[in-house]
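In what follows, a structure is listed as structure tokens, so that the remarks can point back to it.
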Number of protein chains: 2
Amino acid sequence: MVPGKVATIEDVARAAGVSRQTVSNVINAPSKVREATQQKVHAAIEALGYSPNAMARRLRTQRSSTIGVRLDAFSGGISGVVLDRFVHALTEHASTRGLRVLLYAARTMDEELRHINDFADGGEVDAIILTNTPPKDPRAALLRERAIPFAAFGRPWGVEDLENIGHPWVDIDGAAGTRAATAYLLERVGERIAFLGWPSDSGTGDDRERGWREIIGPRAGDPSAPRLVSAESVTEAQAKVRSLLRDNTIDGIICATDVHAIGAHLAAVRAGRSDVQTVGFDNTAAAEALGISSVEQLPEVVATAILEMLMGPEGTKISRPPTPTPAGRLVEPKLIIR
Amino acid sequence: MVPGKVATIEDVARAAGVSRQTVSNVINAPSKVREATQQKVHAAIEALGYSPNAMARRLRTQRSSTIGVRLDAFSGGISGVVLDRFVHALTEHASTRGLRVLLYAARTMDEELRHINDFADGGEVDAIILTNTPPKDPRAALLRERAIPFAAFGRPWGVEDLENIGHPWVDIDGAAGTRAATAYLLERVGERIAFLGWPSDSGTGDDRERGWREIIGPRAGDPSAPRLVSAESVTEAQAKVRSLLRDNTIDGIICATDVHAIGAHLAAVRAGRSDVQTVGFDNTAAAEALGISSVEQLPEVVATAILEMLMGPEGTKISRPPTPTPAGRLVEPKLIIR
DNA sequence: GACCGTTTTTTGATCGATCAAATTTCGTTT
DNA sequence: AAACGAAATTTGATCGATCAAAAAACGGTC
């Protein structure tokens, strides 16, 4: 072995006085090799500092041990901090399974489809994780066609039948989050709890509103429960809440996001009504800094769940990743009280 | 070619009636192939939907076209949103250069060194980007030893001689950010500008304070310039600023972070001194929501710069990434006025 | 049209591992 | 000690591309 170059399996075999295949077996199927031989081989591996060449192995096995993740530009749906924390967690978990996380960027759907095709042709990834899947996602169709296992972070909105999405998914249960938040405020400030959310319909928004309605609706009688809307801006939220506080009709506000909550909170404080409790959603640094309670999504849990779906339970050694069976899972978020 | 399987270079060659190597040349060195032949080959590529197998190519060329990035857990130094935006930007730029970004996680230095060794042995990455490099970083030493090109996001703190770091780096010029912020406040509210930062010495903190001192020092005479400190909490910052406002000695506050700025801002508002201007650092969503001016770091610019250092200017086709020459670059952040 | 220097194309070897099958070694049994 | 089946090990082929060198085709000159 030439010094300065990295050792190959051949070098190890020669050093240990065995054949290539035996070295390979020591690494990949130790049960096939006698104890004494294993020792010899391990000694040689240590001595030469050998570690298998990833590319050669992947070429031969046709497996890349890599999971592709699209890194969305900041936009609607799952993005920003939640996505980034998800990627963080995914990277850590993947690493314990000997998997790698490969990022790719795409500005348009076409570009992403091209990426997926390239991945399929080039054998770059063993599986792909999608985010923000609309109903009838063309990426899902392509991935199925190209026989690449995949799962989604987020359920497609507007699909009635959660049981039959057609591909595996994991999502955060927004309704459960606002349910918990509403139940908490109910106990703390009483029944006069408003909801502050986006003006237009959106899957995420509707989901979060639903949790509030499920608790408040049966009590207050549906039509009387105050529902506010505002665009995604602190000042607008502030204005809406201010007028509501003048009438003295509410004691608590459940918000679709922390930005809404900051507006509501400031309005309350400035109106001298610090007793009015606000709960936000996303548990951002801003909410933490201002001491506003918030519903914390748990992208880390999503990462674990999605990996299990794709690759089987932790500890399993899988030769070929199985095509995951379509099924969904909702992760319950956690209410952070401040 | 068997239906269901992806086409290989061999299939294309057969279909086009040429040899493997000619197909390879059409893809990698078209100038060596006659125009008419190129057409034939391209037609065959189209017809078969061929795209080269990445693993085979990498095994042969011994290049992975992949850049490794350590994804730090949330902690001091570069992390959180800045790091995530950096990774975002890096992914997008890398993609236009035909490079991929591979993430890896490590909890300890040892674990990271092991990763680096594995990368070197396995030929997984062509280059690595480090973050949060201390002086005498053992990772830097190992990477040099293993001859893996690398660059750092962030300069090692406490090193006097920025010219001789020993490895290439790109960092955000915190002092320039606070300089700009201070100059702005100077014009807007006058000379009575305080600085609010961390209590203990830290590279980042000192850097940001320096920018303020460089502007204020020469004017006010160094000792008289009010310098506040507080831990990283909104309420503590609020308290410090409140007492300063009582004495009516300041009209503006430069802060080391947005969290400090939020505290300062709230203290000013509650003291009825909305005229006191606050400038934060990091331009987080919270500062935006509250309408606080802030210094925006530009991790996207850092990403571009670091890629250029590692791989040469955009558009260059490089067969083997050159070992980058040690040099540093400071990226000037941008003051966002609200 | 034979000769020569380029340009274009093809052939054989190689990257470093695993798969599949052949071969050798081993422990039992008769 | 020969025979046998199981366990351990080795050998040859292969994954799909690029490199290096050899061979063929081409264009121009005399």
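Residues in the structure tokens are numbered from 1 in each chain, the chains being A, B, ... in the order shown, and ligands are numbered from 1 in the order shown.
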
How close does chain A get to chain B? List, as a Markdown table, each residue of chain A within 8 Å, its nearest atom pair and the distance in Å to one decimal, counting only C-alpha atoms.
```
| residue | atom | partner | partner_atom | distance |
| --- | --- | --- | --- | --- |
| A:Val6 | CA | B:Asp121 | CA | 6.4 |
| A:Tyr50 | CA | B:Asp121 | CA | 7.4 |
| A:Ser51 | CA | B:Asp121 | CA | 5.8 |
| A:Pro52 | CA | B:Gly122 | CA | 6.0 |
| A:Asn53 | CA | B:Gly122 | CA | 4.1 |
| A:Ala54 | CA | B:Gly122 | CA | 4.8 |
| A:Met55 | CA | B:Leu59 | CA | 5.2 |
| A:Ala56 | CA | B:Leu59 | CA | 5.7 |
| A:Arg58 | CA | B:Met55 | CA | 6.4 |
| A:Leu59 | CA | B:Met55 | CA | 5.2 |
| A:Leu71 | CA | B:His88 | CA | 6.8 |
| A:Ala73 | CA | B:His88 | CA | 7.6 |
| A:Val81 | CA | B:Val81 | CA | 7.4 |
| A:Asp84 | CA | B:Asp84 | CA | 6.4 |
| A:His88 | CA | B:Leu71 | CA | 6.8 |
| A:Thr91 | CA | B:Ala105 | CA | 6.0 |
| A:Glu92 | CA | B:Ala105 | CA | 5.3 |
| A:Ser95 | CA | B:Ala105 | CA | 6.9 |
| A:Arg100 | CA | B:Leu103 | CA | 7.0 |
| A:Val101 | CA | B:Leu103 | CA | 5.6 |
| A:Leu102 | CA | B:Leu102 | CA | 4.9 |
| A:Leu103 | CA | B:Val101 | CA | 5.7 |
| A:Tyr104 | CA | B:Thr91 | CA | 6.1 |
| A:Ala105 | CA | B:Glu92 | CA | 5.3 |
| A:Ala106 | CA | B:Glu92 | CA | 7.6 |
| A:Asp118 | CA | B:Ser51 | CA | 7.0 |
| A:Asp121 | CA | B:Ser51 | CA | 5.9 |
| A:Gly122 | CA | B:Asn53 | CA | 4.2 |
| A:Gly123 | CA | B:Asn53 | CA | 6.6 |
| A:Glu124 | CA | B:Ala54 | CA | 6.6 |
| A:Ser233 | CA | B:Ala289 | CA | 7.0 |
| A:Val234 | CA | B:Ala289 | CA | 5.6 |
| A:Val259 | CA | B:Ala289 | CA | 6.8 |
| A:Ile262 | CA | B:Ala289 | CA | 7.8 |
| A:Ala285 | CA | B:Ala286 | CA | 7.3 |
| A:Ala286 | CA | B:Ala286 | CA | 4.7 |
| A:Ala289 | CA | B:Val234 | CA | 5.6 |
| A:Leu290 | CA | B:Val234 | CA | 7.0 |
```

Using only C-alpha atoms (C1' of nucleotides), what does the table of chain D residues within 9 Å of range 1-24 of chain C look like, with each row giving the shortest atom pair and its distance in Å to one decimal, sorted by chain and ascending number, as CSV?
```
residue,atom,partner,partner_atom,distance
D:DA8,C1',C:DT24,C1',8.3
D:DT9,C1',C:DT24,C1',7.0
D:DT10,C1',C:DT23,C1',6.9
D:DT11,C1',C:DA22,C1',7.3
D:DG12,C1',C:DA21,C1',8.9
D:DA13,C1',C:DA20,C1',8.6
D:DT14,C1',C:DC19,C1',8.0
D:DC15,C1',C:DT18,C1',8.9
D:DT18,C1',C:DT14,C1',8.8
D:DC19,C1',C:DT14,C1',8.0
D:DA20,C1',C:DA13,C1',8.7
D:DA21,C1',C:DT11,C1',8.9
D:DA22,C1',C:DT11,C1',7.4
D:DA23,C1',C:DT10,C1',7.1
D:DA24,C1',C:DT9,C1',7.1
D:DA25,C1',C:DT8,C1',7.0
D:DC26,C1',C:DT7,C1',7.2
D:DG27,C1',C:DT6,C1',8.4
D:DT29,C1',C:DC3,C1',8.8
```

Would you mind exporting the chosen residues as a compact mmCIF listing (two decimals), in the first residue's frame, restricted to C-alpha atoms (C1' of nucleotides)?
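Below is the file that was written, part18.txt:
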```
# COMPACT_ATOMS: atom_id res chain seq x y z
C1' DA D 8 -15.59 -21.01 6.40
C1' DT D 9 -12.99 -19.09 2.83
C1' DT D 10 -11.61 -17.93 -1.83
C1' DT D 11 -12.26 -16.90 -6.78
C1' DG D 12 -14.24 -14.66 -10.65
C1' DA D 13 -17.77 -11.54 -12.27
C1' DT D 14 -20.04 -7.26 -11.77
C1' DC D 15 -21.92 -2.45 -10.57
C1' DT D 18 -13.84 7.57 -16.72
C1' DC D 19 -8.80 7.31 -17.82
C1' DA D 20 -5.03 6.24 -20.87
C1' DA D 21 -3.49 4.54 -24.88
C1' DA D 22 -4.25 2.43 -29.33
C1' DA D 23 -6.66 2.48 -33.71
C1' DA D 24 -9.25 4.46 -37.30
C1' DA D 25 -10.91 8.24 -40.04
C1' DC D 26 -10.05 12.59 -41.94
C1' DG D 27 -8.04 16.57 -44.44
C1' DT D 29 -0.10 18.28 -49.63
```

In range 119-236 of chain A, DSSP strand (DSSP E or B) residues written as an MDAnalysis selection string: chainID A and resid 127:131 150:153 169:172 193:197 227:229

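Rounded to one decimal, CA of Arg213 in chain B and CA of Leu185 in chain B lie 13.4 Å from each other.
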
DSSP alpha helix (DSSP H) residues within range 86-275 of chain A, as a PyMOL selection string: chain A and resi 86-96+109-122+138-145+174-189+203-220+234-246+258-270

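Any residue of chain A with an atom no more than 8 Å from chain D counts as a contact; using only C-alpha atoms (C1' of nucleotides), that gives Ser19, Gln21, Thr22, Lys32, Val33, Arg34, Leu59, Arg60, Thr61 and Gln62 of chain A.
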
Saved selection, atoms kept: N, CA and C atoms, as a PDB file, in the first residue's frame:
```pdb
ATOM      1  N   SER A  19      -8.688 -13.213   2.222  1.00  0.00           N
ATOM      2  CA  SER A  19      -9.156 -12.691   0.941  1.00  0.00           C
ATOM      3  C   SER A  19     -10.051 -11.477   1.135  1.00  0.00           C
ATOM      4  N   GLN A  21     -13.078 -10.946   0.194  1.00  0.00           N
ATOM      5  CA  GLN A  21     -14.432 -11.265   0.600  1.00  0.00           C
ATOM      6  C   GLN A  21     -14.531 -11.510   2.105  1.00  0.00           C
ATOM      7  N   THR A  22     -13.517 -12.099   2.661  1.00  0.00           N
ATOM      8  CA  THR A  22     -13.541 -12.353   4.101  1.00  0.00           C
ATOM      9  C   THR A  22     -13.563 -11.034   4.871  1.00  0.00           C
ATOM     10  N   LYS A  32     -20.660 -14.963   9.587  1.00  0.00           N
ATOM     11  CA  LYS A  32     -20.153 -15.940   8.615  1.00  0.00           C
ATOM     12  C   LYS A  32     -18.664 -16.212   8.777  1.00  0.00           C
ATOM     13  N   VAL A  33     -18.032 -15.466   9.662  1.00  0.00           N
ATOM     14  CA  VAL A  33     -16.572 -15.571   9.775  1.00  0.00           C
ATOM     15  C   VAL A  33     -16.172 -16.109  11.151  1.00  0.00           C
ATOM     16  N   ARG A  34     -15.177 -17.009  11.163  1.00  0.00           N
ATOM     17  CA  ARG A  34     -14.752 -17.590  12.426  1.00  0.00           C
ATOM     18  C   ARG A  34     -14.128 -16.522  13.334  1.00  0.00           C
ATOM     19  N   LEU A  59     -22.039   1.897  -5.384  1.00  0.00           N
ATOM     20  CA  LEU A  59     -22.152   1.467  -6.779  1.00  0.00           C
ATOM     21  C   LEU A  59     -22.552   0.005  -6.827  1.00  0.00           C
ATOM     22  N   ARG A  60     -21.886  -0.781  -5.995  1.00  0.00           N
ATOM     23  CA  ARG A  60     -22.153  -2.220  -6.023  1.00  0.00           C
ATOM     24  C   ARG A  60     -23.530  -2.569  -5.450  1.00  0.00           C
ATOM     25  N   THR A  61     -23.850  -2.005  -4.318  1.00  0.00           N
ATOM     26  CA  THR A  61     -25.113  -2.379  -3.668  1.00  0.00           C
ATOM     27  C   THR A  61     -26.316  -1.650  -4.245  1.00  0.00           C
ATOM     28  N   GLN A  62     -26.052  -0.636  -5.037  1.00  0.00           N
ATOM     29  CA  GLN A  62     -27.123   0.174  -5.599  1.00  0.00           C
ATOM     30  C   GLN A  62     -27.952   0.828  -4.509  1.00  0.00           C
TER      31      GLN A  62
END
```
